[in-house]
file run.cif (mmCIF, C-alpha atoms)
data_my_file
#
loop_
_atom_site.label_atom_id
_atom_site.label_comp_id
_atom_site.auth_asym_id
_atom_site.auth_seq_id
_atom_site.Cartn_x
_atom_site.Cartn_y
_atom_site.Cartn_z
CA MET Q 1 0.00 0.00 0.00
CA LYS Q 2 1.43 3.37 -1.01
CA GLY Q 3 2.57 5.77 1.69
CA ALA Q 4 0.64 8.69 0.17
CA PHE Q 5 -2.63 6.76 0.47
CA ILE Q 6 -1.94 5.95 4.13
CA GLN Q 7 -0.98 9.56 4.90
CA GLU Q 8 -4.14 10.89 3.29
CA PHE Q 9 -6.29 8.45 5.24
CA SER Q 10 -4.52 9.45 8.46
CA ARG Q 11 -5.14 13.12 7.69
CA LEU Q 12 -8.83 12.56 7.00
CA ALA Q 13 -9.26 10.42 10.12
CA ALA Q 14 -7.73 13.14 12.31
CA SER Q 15 -9.64 16.01 10.66
CA PRO Q 16 -12.08 17.75 13.03
CA ASP Q 17 -14.83 17.99 10.41
CA ARG Q 18 -17.77 15.60 10.53
CA ASP Q 19 -17.19 14.09 7.10
CA LEU Q 20 -17.19 10.30 7.47
CA ALA Q 21 -18.00 9.43 3.88
CA THR Q 22 -14.64 10.40 2.38
CA PRO Q 23 -12.44 8.26 4.67
CA ALA Q 24 -15.03 5.44 4.57
CA LEU Q 25 -14.76 5.40 0.78
CA MET Q 26 -10.97 5.20 1.11
CA ILE Q 27 -11.52 1.99 3.09
CA ALA Q 28 -13.56 0.71 0.13
CA ARG Q 29 -10.53 1.29 -2.09
CA LEU Q 30 -8.82 -1.59 -0.29
CA GLU Q 31 -11.08 -3.84 -2.35
CA CYS Q 32 -11.44 -1.59 -5.39
CA PRO Q 33 -8.27 0.55 -5.74
CA LEU Q 34 -9.62 2.51 -8.74
CA LEU Q 35 -12.89 3.44 -7.03
CA ASP Q 36 -14.06 6.96 -7.84
CA PRO Q 37 -15.69 8.36 -4.67
CA GLY Q 38 -17.57 11.02 -6.67
CA PRO Q 39 -20.74 9.03 -7.47
CA SER Q 40 -21.15 7.88 -3.86
CA ILE Q 41 -20.70 11.42 -2.52
CA ALA Q 42 -23.19 12.67 -5.10
CA GLN Q 43 -25.66 9.98 -4.03
CA LEU Q 44 -25.37 11.08 -0.40
CA ASP Q 45 -25.84 14.70 -1.45
CA THR Q 46 -29.00 13.79 -3.36
CA MET Q 47 -30.41 11.78 -0.46
CA GLY Q 48 -29.52 14.56 1.97
CA ALA Q 49 -31.42 17.10 -0.14
CA ALA Q 50 -34.42 14.79 -0.39
CA ALA Q 51 -34.39 14.14 3.37
CA ARG Q 52 -34.16 17.87 4.07
CA ALA Q 53 -37.17 18.50 1.84
CA ARG Q 54 -39.21 15.96 3.79
CA LEU Q 55 -38.08 17.45 7.10
CA MET Q 56 -39.10 20.92 5.91
CA GLU Q 57 -42.49 19.63 4.76
CA SER Q 58 -43.06 18.05 8.18
CA GLY Q 59 -42.03 21.22 10.01
CA CYS Q 60 -39.35 19.41 12.03
CA LEU Q 61 -36.58 21.85 11.13
CA GLN Q 62 -38.67 24.96 11.80
CA ASP Q 63 -40.44 23.97 15.01
CA ALA Q 64 -38.24 22.91 17.96
CA ARG Q 65 -41.22 21.22 19.60
CA ARG Q 66 -41.34 18.77 16.70
CA SER Q 67 -37.59 18.11 16.66
CA GLU Q 68 -37.82 14.51 17.83
CA ASN Q 69 -40.20 13.77 14.95
CA ALA Q 70 -37.23 14.36 12.66
CA VAL Q 71 -36.04 10.87 13.53
CA ASP Q 72 -39.32 9.37 12.32
CA VAL Q 73 -39.14 11.39 9.09
CA LEU Q 74 -35.56 10.36 8.40
CA ASN Q 75 -36.29 6.72 9.29
CA ALA Q 76 -39.25 6.69 6.90
CA TYR Q 77 -37.15 8.18 4.12
CA LEU Q 78 -34.07 5.93 4.48
CA PHE Q 79 -35.69 2.64 5.45
CA ASP Q 80 -39.10 2.80 3.75
CA GLU Q 81 -38.50 4.92 0.65
CA GLU Q 82 -34.83 4.14 -0.02
CA GLY Q 83 -34.99 0.57 1.28
CA PHE Q 84 -31.87 0.46 3.46
CA THR Q 85 -31.78 -2.61 5.70
CA GLY Q 86 -29.46 -4.74 7.78
CA ASN Q 87 -27.84 -7.59 5.88
CA HIS Q 88 -29.02 -10.38 8.15
CA ASP Q 89 -28.38 -13.18 5.66
CA ARG Q 90 -24.77 -12.29 4.77
CA TYR Q 91 -23.59 -10.33 7.79
CA ASP Q 92 -19.91 -11.29 7.30
CA ASP Q 93 -19.78 -10.35 3.62
CA PRO Q 94 -16.84 -7.90 3.27
CA SER Q 95 -19.02 -5.75 0.99
CA ASN Q 96 -21.02 -4.72 4.06
CA SER Q 97 -17.98 -2.72 5.17
CA PHE Q 98 -17.65 -0.75 1.93
CA LEU Q 99 -19.75 2.40 1.80
CA ASN Q 100 -20.11 2.42 -1.98
CA GLU Q 101 -21.46 -1.16 -1.90
CA VAL Q 102 -23.86 -0.34 0.93
CA LEU Q 103 -25.19 2.63 -1.02
CA GLU Q 104 -25.62 0.51 -4.14
CA ARG Q 105 -27.14 -2.62 -2.55
CA ARG Q 106 -28.98 -0.83 0.29
CA LYS Q 107 -27.66 -3.43 2.74
CA GLY Q 108 -25.00 -3.22 5.42
CA ILE Q 109 -23.92 -3.85 9.00
CA PRO Q 110 -24.72 -1.51 11.90
CA ILE Q 111 -21.72 0.79 11.51
CA THR Q 112 -21.91 1.29 7.75
CA LEU Q 113 -25.66 1.86 7.93
CA ALA Q 114 -24.89 4.38 10.68
CA VAL Q 115 -22.43 6.16 8.37
CA VAL Q 116 -25.14 6.44 5.71
CA TYR Q 117 -27.68 7.65 8.28
CA MET Q 118 -25.31 10.20 9.82
CA GLU Q 119 -24.12 11.54 6.47
CA VAL Q 120 -27.65 11.95 5.12
CA ALA Q 121 -28.75 13.54 8.42
CA ARG Q 122 -25.83 15.98 8.31
CA ARG Q 123 -26.73 17.07 4.80
CA ALA Q 124 -30.38 17.42 5.86
CA GLY Q 125 -29.57 19.72 8.79
CA MET Q 126 -29.78 17.16 11.62
CA HIS Q 127 -27.03 16.18 14.03
CA VAL Q 128 -26.78 12.43 14.69
CA GLU Q 129 -23.82 10.87 16.51
CA GLY Q 130 -22.36 7.38 16.47
CA VAL Q 131 -22.24 5.23 19.61
CA ASN Q 132 -19.42 2.72 19.90
CA PHE Q 133 -21.59 0.26 21.84
CA PRO Q 134 -20.00 -3.15 22.51
CA GLY Q 135 -21.00 -5.76 19.96
CA HIS Q 136 -23.50 -3.63 18.04
CA PHE Q 137 -22.94 -0.09 16.78
CA LEU Q 138 -25.70 2.39 17.67
CA MET Q 139 -26.53 6.06 17.11
CA ARG Q 140 -27.81 8.90 19.24
CA TYR Q 141 -29.92 11.95 18.47
CA PRO Q 142 -28.43 14.34 21.06
CA SER Q 143 -30.68 16.66 23.00
CA HIS Q 144 -28.03 19.35 23.49
CA LEU Q 145 -27.63 19.79 19.73
CA ASN Q 146 -31.22 19.20 18.61
CA GLU Q 147 -33.67 21.40 20.49
CA GLY Q 148 -37.05 20.28 21.74
CA VAL Q 149 -36.66 16.54 22.34
CA ARG Q 150 -38.64 14.85 25.07
CA GLN Q 151 -37.97 15.32 28.78
CA GLY Q 152 -36.21 12.66 30.84
CA PRO Q 153 -37.23 11.39 34.31
CA GLN Q 154 -35.78 14.37 36.23
CA GLY Q 155 -36.76 16.98 33.69
CA MET Q 156 -33.47 16.53 31.87
CA LEU Q 157 -33.50 16.46 28.11
CA ALA Q 158 -33.16 12.82 27.07
CA ASP Q 159 -31.09 11.74 24.08
CA VAL Q 160 -32.69 9.31 21.66
CA ILE Q 161 -30.72 6.10 21.09
CA LEU Q 162 -31.20 4.51 17.66
CA ASP Q 163 -30.37 1.13 16.11
CA PRO Q 164 -29.34 1.58 12.45
CA PHE Q 165 -29.43 -2.18 11.79
CA HIS Q 166 -33.10 -2.40 12.75
CA ARG Q 167 -34.61 0.47 10.77
CA GLY Q 168 -33.55 3.20 13.22
CA ALA Q 169 -35.51 1.70 16.12
CA ARG Q 170 -35.50 3.71 19.34
CA LEU Q 171 -33.86 1.90 22.25
CA SER Q 172 -34.62 2.35 25.94
CA GLU Q 173 -32.03 1.78 28.66
CA HIS Q 174 -33.61 -1.64 29.20
CA ASP Q 175 -33.15 -2.40 25.50
CA CYS Q 176 -29.49 -1.38 25.70
CA ARG Q 177 -28.93 -3.60 28.71
CA ARG Q 178 -30.45 -6.58 26.89
CA LEU Q 179 -28.40 -5.82 23.80
CA LEU Q 180 -25.21 -5.78 25.87
CA GLU Q 181 -26.08 -9.13 27.47
CA ARG Q 182 -26.85 -10.66 24.09
CA HIS Q 183 -23.53 -9.64 22.54
CA ILE Q 184 -21.16 -9.71 25.52
CA GLY Q 185 -22.81 -12.06 28.00
CA GLU Q 186 -24.98 -11.88 31.09
CA GLU Q 187 -21.96 -10.99 33.22
CA ALA Q 188 -21.42 -7.76 31.26
CA ALA Q 189 -21.75 -4.66 33.43
CA TYR Q 190 -23.91 -1.95 31.89
CA ASP Q 191 -22.79 1.66 32.31
CA PRO Q 192 -24.29 4.80 30.73
CA SER Q 193 -20.82 5.71 29.49
CA LEU Q 194 -21.20 2.92 26.93
CA LEU Q 195 -23.59 5.27 25.12
CA ALA Q 196 -21.05 8.10 24.84
CA PRO Q 197 -20.70 9.62 21.35
CA ALA Q 198 -18.04 7.98 19.20
CA THR Q 199 -15.28 10.05 17.64
CA LYS Q 200 -14.46 9.86 13.96
CA PRO Q 201 -11.24 7.85 14.63
CA GLN Q 202 -13.22 5.43 16.81
CA MET Q 203 -15.78 4.85 14.07
CA LEU Q 204 -13.15 4.32 11.39
CA THR Q 205 -11.24 1.99 13.71
CA ARG Q 206 -14.36 -0.07 14.29
CA MET Q 207 -15.04 -0.32 10.56
CA LEU Q 208 -11.48 -1.49 9.99
CA LEU Q 209 -11.48 -4.00 12.85
CA ASN Q 210 -14.69 -5.56 11.51
CA LEU Q 211 -13.11 -5.84 8.07
CA LYS Q 212 -9.83 -7.26 9.39
CA ARG Q 213 -11.70 -9.94 11.34
CA ILE Q 214 -13.56 -10.99 8.18
CA TYR Q 215 -10.42 -11.08 6.03
CA VAL Q 216 -8.52 -13.14 8.60
CA ARG Q 217 -11.42 -15.58 8.81
CA LEU Q 218 -11.32 -15.89 5.01
CA HIS Q 219 -7.52 -16.28 5.07
CA SER Q 220 -7.27 -13.17 2.90
CA PHE Q 221 -3.99 -12.18 4.54
CA PRO Q 222 -2.80 -9.51 2.06
CA GLN Q 223 -6.08 -7.63 2.44
CA ALA Q 224 -5.98 -8.04 6.22
CA ARG Q 225 -2.45 -6.62 6.32
CA ASN Q 226 -3.59 -3.59 4.32
CA VAL Q 227 -6.31 -3.05 6.91
CA THR Q 228 -3.72 -3.08 9.72
CA GLU Q 229 -1.81 -0.39 7.84
CA LEU Q 230 -4.87 1.86 8.02
CA LEU Q 231 -5.53 0.93 11.66
CA LEU Q 232 -2.01 2.06 12.53
CA ALA Q 233 -2.58 5.23 10.51
CA VAL Q 234 -5.64 6.03 12.66
CA ASP Q 235 -3.95 5.05 15.94
CA PRO Q 236 -0.13 4.75 15.69
CA PRO Q 237 0.32 3.66 19.36
CA ALA Q 238 -1.93 0.61 18.79
CA ILE Q 239 0.87 -1.92 19.23
CA THR Q 240 -1.50 -4.89 18.98
CA GLU Q 241 -1.96 -3.92 15.34
CA LEU Q 242 1.82 -3.91 14.97
CA ARG Q 243 1.80 -7.47 16.31
CA ASP Q 244 -1.00 -8.50 13.97
CA ARG Q 245 0.68 -6.92 10.97
CA GLY Q 246 3.79 -8.97 11.80
CA LEU Q 247 1.81 -12.19 12.12
CA LEU Q 248 0.04 -11.53 8.82
CA ALA Q 249 3.39 -10.91 7.14
CA TYR Q 250 4.57 -14.22 8.60
CA HIS Q 251 1.61 -16.03 7.04
CA MET Q 252 2.51 -14.39 3.72
CA ASN Q 253 6.15 -15.55 3.98
CA ASP Q 254 7.31 -11.93 4.14
CA PHE Q 255 9.82 -12.85 6.81
CA SER Q 256 11.78 -9.58 6.94
CA ALA Q 257 8.64 -7.52 7.52
CA ALA Q 258 7.33 -10.05 10.04
CA LEU Q 259 10.60 -9.98 11.98
CA ARG Q 260 10.66 -6.18 12.05
CA ASP Q 261 7.09 -5.82 13.31
CA LEU Q 262 7.24 -8.61 15.90
CA GLN Q 263 10.54 -7.38 17.32
CA GLN Q 264 9.12 -3.86 17.60
CA TYR Q 265 5.97 -5.16 19.26
CA LEU Q 266 7.94 -7.15 21.83
CA HIS Q 267 10.18 -4.14 22.47
CA PHE Q 268 7.28 -1.72 22.99
CA SER Q 269 5.31 -4.17 25.15
CA ALA Q 270 8.27 -5.11 27.36
CA GLY Q 271 7.60 -4.27 30.98
CA SER Q 272 3.85 -3.94 30.53
CA PRO Q 273 1.82 -5.92 33.07
CA VAL Q 274 0.41 -9.11 31.53
CA ASP Q 275 -1.55 -12.06 32.85
CA GLU Q 276 -0.61 -15.70 32.38
CA GLU Q 277 -2.21 -15.85 28.95
CA GLY Q 278 -0.32 -12.73 27.93
CA ARG Q 279 2.98 -14.22 29.05
CA SER Q 280 2.25 -17.35 27.05
CA ASP Q 281 1.53 -15.23 23.95
CA HIS Q 282 4.82 -13.37 24.40
CA GLU Q 283 6.72 -16.62 24.70
CA GLN Q 284 5.17 -17.88 21.46
CA LEU Q 285 6.05 -14.63 19.71
CA TRP Q 286 9.66 -14.92 20.88
CA GLU Q 287 9.77 -18.39 19.33
CA HIS Q 288 8.45 -16.88 16.08
CA VAL Q 289 11.15 -14.20 16.25
CA LYS Q 290 13.91 -16.78 16.76
CA THR Q 291 12.67 -18.76 13.77
CA LEU Q 292 12.39 -15.62 11.67
CA ARG Q 293 15.91 -14.53 12.55
CA ARG Q 294 17.26 -17.83 11.27
CA ARG Q 295 15.20 -17.64 8.08
CA VAL Q 296 16.15 -14.04 7.34
CA ALA Q 297 19.82 -14.80 8.02
CA SER Q 298 19.71 -17.72 5.59
CA LEU Q 299 18.39 -15.39 2.86
CA ASN Q 300 21.30 -12.96 3.21
#

call {"tool": "encode", "arguments": {"input": "run.cif", "output": "structure tokens"}}
result
Amino acid sequence: MKGAFIQEFSRLAASPDRDLATPALMIARLECPLLDPGPSIAQLDTMGAAARARLMESGCLQDARRSENAVDVLNAYLFDEEGFTGNHDRYDDPSNSFLNEVLERRKGIPITLAVVYMEVARRAGMHVEGVNFPGHFLMRYPSHLNEGVRQGPQGMLADVILDPFHRGARLSEHDCRRLLERHIGEEAAYDPSLLAPATKPQMLTRMLLNLKRIYVRLHSFPQARNVTELLLAVDPPAITELRDRGLLAYHMNDFSAALRDLQQYLHFSAGSPVDEEGRSDHEQLWEHVKTLRRRVASLN
């Protein structure tokens, strides 16, 4: 992967603007290097204009008291009119992680459907945030940025939590607790902080981690290594990605690159507290490094 591509992705990921579509379409170029992002951006612009027209017709943008109804209007437009839906049948299809494919097929996973929802909402004059909820990405319609939403139990303005995978369904705290148990286990401890708004780097990281997991499962190691390059571009201190990039290089018989990454990972992680499983992993990695040193030396 070319350094200029990685640098541009890093710049977009760190940019303070709310544009998620452009870096998301760069992720799609991992599968389709010659992808022109223009048609997808134009499609989002068109949908944003159409959604804004419907919001204006309903009075949601003019009347703060009807602000929460904006969610219903946007849900009706995206899920009823445009036909977006969760890809229940082929959840682990890599195409679900590519924004251009999601826009074309109208199917995706929670986070890519959230990107569509948030980008259309932004163009329509609404503010919708991502929620990096464990196991299932969610969205929130924040009360402090959208006036007039319903009152909470103590008179506080209550944010609206939405599930992009299930047609923008509103979720109560009870629903969120059940969702956490379903994806993490009954022992999972629920905390309201789990519903904090996700940053742009967090959303891009989650998209990339989903894609890397799929590629590894498919033994598509070159593609998975490209994903780790972008993960490190978003979060350079993420040394676990350095480790994974080294292991992927090992599987690809790129022994020099594998040796470099694994040695750096072991160096950076030295002295960090680890449990018994972590110590066992380090011991296995040292064995890999010893083998790699011999192989690299034999090639010189």

call {"tool": "residues_around", "arguments": {"input": "run.cif", "residues": "segment 72-83 of chain Q", "least_positions_apart": "6", "cutoff": "12 Å", "atoms": "all atoms listed in the file", "output": "short mmCIF file (atom, residue, chain, number, x, y, z; two decimals) with C-alpha atoms, in the coordinates of the input"}}
result
data_model
loop_
_atom_site.label_atom_id
_atom_site.label_comp_id
_atom_site.auth_asym_id
_atom_site.auth_seq_id
_atom_site.Cartn_x
_atom_site.Cartn_y
_atom_site.Cartn_z
CA GLN Q 43 -25.66 9.98 -4.03
CA LEU Q 44 -25.37 11.08 -0.40
CA THR Q 46 -29.00 13.79 -3.36
CA MET Q 47 -30.41 11.78 -0.46
CA GLY Q 48 -29.52 14.56 1.97
CA ALA Q 49 -31.42 17.10 -0.14
CA ALA Q 50 -34.42 14.79 -0.39
CA ALA Q 51 -34.39 14.14 3.37
CA ARG Q 52 -34.16 17.87 4.07
CA ALA Q 53 -37.17 18.50 1.84
CA ARG Q 54 -39.21 15.96 3.79
CA LEU Q 55 -38.08 17.45 7.10
CA MET Q 56 -39.10 20.92 5.91
CA GLU Q 57 -42.49 19.63 4.76
CA SER Q 58 -43.06 18.05 8.18
CA GLY Q 59 -42.03 21.22 10.01
CA CYS Q 60 -39.35 19.41 12.03
CA LEU Q 61 -36.58 21.85 11.13
CA ARG Q 66 -41.34 18.77 16.70
CA VAL Q 102 -23.86 -0.34 0.93
CA LEU Q 103 -25.19 2.63 -1.02
CA GLU Q 104 -25.62 0.51 -4.14
CA ARG Q 105 -27.14 -2.62 -2.55
CA ARG Q 106 -28.98 -0.83 0.29
CA LYS Q 107 -27.66 -3.43 2.74
CA GLY Q 108 -25.00 -3.22 5.42
CA LEU Q 113 -25.66 1.86 7.93
CA ALA Q 114 -24.89 4.38 10.68
CA VAL Q 116 -25.14 6.44 5.71
CA TYR Q 117 -27.68 7.65 8.28
CA MET Q 118 -25.31 10.20 9.82
CA GLU Q 119 -24.12 11.54 6.47
CA VAL Q 120 -27.65 11.95 5.12
CA ALA Q 121 -28.75 13.54 8.42
CA ARG Q 122 -25.83 15.98 8.31
CA ARG Q 123 -26.73 17.07 4.80
CA ALA Q 124 -30.38 17.42 5.86
CA GLY Q 125 -29.57 19.72 8.79
CA MET Q 126 -29.78 17.16 11.62
CA HIS Q 127 -27.03 16.18 14.03
CA VAL Q 128 -26.78 12.43 14.69
CA TYR Q 141 -29.92 11.95 18.47
CA VAL Q 160 -32.69 9.31 21.66
CA LEU Q 162 -31.20 4.51 17.66
CA ASP Q 163 -30.37 1.13 16.11
CA PRO Q 164 -29.34 1.58 12.45
CA PHE Q 165 -29.43 -2.18 11.79
CA HIS Q 166 -33.10 -2.40 12.75
CA ARG Q 167 -34.61 0.47 10.77
CA GLY Q 168 -33.55 3.20 13.22
CA ALA Q 169 -35.51 1.70 16.12
CA ARG Q 170 -35.50 3.71 19.34
#

call {"tool": "resolve_selection", "arguments": {"input": "run.cif", "expression": "the PyMOL selection byres ((chain Q and resi 2) around 12)", "output": "MDAnalysis selection string"}}
result
chainID Q and resid 1 3:9 30 33 226 229:230

call {"tool": "resolve_selection", "arguments": {"input": "run.cif", "expression": "the PyMOL selection byres ((chain Q and resi 261) around 7)", "output": "ChimeraX atom specification"}}
result
/Q:242-243,245-246,257-260,262-265

call {"tool": "atom_distance", "arguments": {"input": "run.cif", "atom1": "atom CA of Leu99 of chain Q", "atom2": "atom CA of Leu247 of chain Q"}}
result
28.0 Å

call {"tool": "closest_atom_pairs", "arguments": {"input": "run.cif", "of": "segment 99-198 of chain Q", "to": "segment 205-221 of chain Q", "cutoff": "12 Å", "atoms": "only C-alpha atoms", "output": "Markdown table"}}
result
| residue | atom | partner | partner_atom | distance |
| --- | --- | --- | --- | --- |
| Q:Leu99 | CA | Q:Met207 | CA | 10.3 |
| Q:Gly108 | CA | Q:Met207 | CA | 11.6 |
| Q:Ile109 | CA | Q:Met207 | CA | 9.7 |
| Q:Pro110 | CA | Q:Met207 | CA | 9.8 |
| Q:Ile111 | CA | Q:Met207 | CA | 6.8 |
| Q:Thr112 | CA | Q:Met207 | CA | 7.6 |
| Q:Leu113 | CA | Q:Met207 | CA | 11.2 |
| Q:Ala114 | CA | Q:Met207 | CA | 10.9 |
| Q:Val115 | CA | Q:Met207 | CA | 10.1 |
| Q:Gly130 | CA | Q:Arg206 | CA | 11.1 |
| Q:Val131 | CA | Q:Arg206 | CA | 10.9 |
| Q:Asn132 | CA | Q:Arg206 | CA | 8.1 |
| Q:Phe133 | CA | Q:Arg206 | CA | 10.5 |
| Q:Pro134 | CA | Q:Arg206 | CA | 10.4 |
| Q:Gly135 | CA | Q:Arg206 | CA | 10.4 |
| Q:His136 | CA | Q:Arg206 | CA | 10.5 |
| Q:Phe137 | CA | Q:Arg206 | CA | 8.9 |
| Q:Ala198 | CA | Q:Arg206 | CA | 10.1 |

call {"tool": "atom_distance", "arguments": {"input": "run.cif", "atom1": "atom CA of Gln202 of chain Q", "atom2": "atom CA of Pro142 of chain Q"}}
result
18.1 Å

call {"tool": "residues_around", "arguments": {"input": "run.cif", "residues": "segment 278-289 of chain Q", "least_positions_apart": "2", "cutoff": "8 Å", "atoms": "only C-alpha atoms", "output": "list of chain:residue names"}}
result
Q:Leu259, Q:Leu262, Q:Gln263, Q:Leu266, Q:Val274, Q:Asp275, Q:Glu276, Q:Thr291, Q:Leu292, Q:Arg293

call {"tool": "atom_distance", "arguments": {"input": "run.cif", "atom1": "atom CA of Leu171 of chain Q", "atom2": "atom CA of Ala21 of chain Q"}}
result
25.4 Å

call {"tool": "axis_aligned_box", "arguments": {"input": "run.cif", "around": "segment 162-177 of chain Q", "padding_each_side": "6 Å", "output": "lines of an AutoDock Vina configuration file"}}
result
center_x = -32.2
center_y = 0.5
center_z = 20.0
size_x = 18.6
size_y = 20.1
size_z = 30.4

call {"tool": "closest_residue", "arguments": {"input": "run.cif", "among": "Q:Ile41, Q:Ile161, Q:Leu35, Q:Met139", "to": "Thr22 of chain Q", "atoms": "only C-alpha atoms"}}
result
Q:Ile41

call {"tool": "build_atoms", "arguments": {"input": "run.cif", "residues": "segment 172-184 of chain Q", "atoms": "N, CA and C atoms", "output": "PDB file, in the coordinates of the input"}}
result
ATOM      1  N   SER Q 172     -34.596   1.905  24.550  1.00  0.00           N
ATOM      2  CA  SER Q 172     -34.620   2.350  25.940  1.00  0.00           C
ATOM      3  C   SER Q 172     -33.368   1.866  26.655  1.00  0.00           C
ATOM      4  N   GLU Q 173     -33.160   2.298  27.879  1.00  0.00           N
ATOM      5  CA  GLU Q 173     -32.030   1.780  28.660  1.00  0.00           C
ATOM      6  C   GLU Q 173     -32.162   0.272  28.836  1.00  0.00           C
ATOM      7  N   HIS Q 174     -33.379  -0.194  29.057  1.00  0.00           N
ATOM      8  CA  HIS Q 174     -33.610  -1.640  29.200  1.00  0.00           C
ATOM      9  C   HIS Q 174     -33.197  -2.367  27.920  1.00  0.00           C
ATOM     10  N   ASP Q 175     -33.545  -1.795  26.776  1.00  0.00           N
ATOM     11  CA  ASP Q 175     -33.150  -2.400  25.500  1.00  0.00           C
ATOM     12  C   ASP Q 175     -31.635  -2.474  25.372  1.00  0.00           C
ATOM     13  N   CYS Q 176     -30.962  -1.415  25.781  1.00  0.00           N
ATOM     14  CA  CYS Q 176     -29.490  -1.380  25.700  1.00  0.00           C
ATOM     15  C   CYS Q 176     -28.867  -2.418  26.617  1.00  0.00           C
ATOM     16  N   ARG Q 177     -29.443  -2.582  27.792  1.00  0.00           N
ATOM     17  CA  ARG Q 177     -28.930  -3.600  28.710  1.00  0.00           C
ATOM     18  C   ARG Q 177     -29.078  -5.004  28.110  1.00  0.00           C
ATOM     19  N   ARG Q 178     -30.219  -5.280  27.521  1.00  0.00           N
ATOM     20  CA  ARG Q 178     -30.450  -6.580  26.890  1.00  0.00           C
ATOM     21  C   ARG Q 178     -29.513  -6.797  25.701  1.00  0.00           C
ATOM     22  N   LEU Q 179     -29.292  -5.737  24.952  1.00  0.00           N
ATOM     23  CA  LEU Q 179     -28.400  -5.820  23.800  1.00  0.00           C
ATOM     24  C   LEU Q 179     -26.980  -6.141  24.252  1.00  0.00           C
ATOM     25  N   LEU Q 180     -26.540  -5.515  25.338  1.00  0.00           N
ATOM     26  CA  LEU Q 180     -25.210  -5.780  25.870  1.00  0.00           C
ATOM     27  C   LEU Q 180     -25.095  -7.232  26.323  1.00  0.00           C
ATOM     28  N   GLU Q 181     -26.097  -7.735  27.012  1.00  0.00           N
ATOM     29  CA  GLU Q 181     -26.080  -9.130  27.470  1.00  0.00           C
ATOM     30  C   GLU Q 181     -26.045 -10.093  26.297  1.00  0.00           C
ATOM     31  N   ARG Q 182     -26.783  -9.764  25.249  1.00  0.00           N
ATOM     32  CA  ARG Q 182     -26.850 -10.660  24.090  1.00  0.00           C
ATOM     33  C   ARG Q 182     -25.511 -10.748  23.369  1.00  0.00           C
ATOM     34  N   HIS Q 183     -24.783  -9.651  23.302  1.00  0.00           N
ATOM     35  CA  HIS Q 183     -23.530  -9.640  22.540  1.00  0.00           C
ATOM     36  C   HIS Q 183     -22.305  -9.922  23.404  1.00  0.00           C
ATOM     37  N   ILE Q 184     -22.333  -9.571  24.667  1.00  0.00           N
ATOM     38  CA  ILE Q 184     -21.160  -9.710  25.520  1.00  0.00           C
ATOM     39  C   ILE Q 184     -21.325 -10.815  26.561  1.00  0.00           C
TER      40      ILE Q 184
END
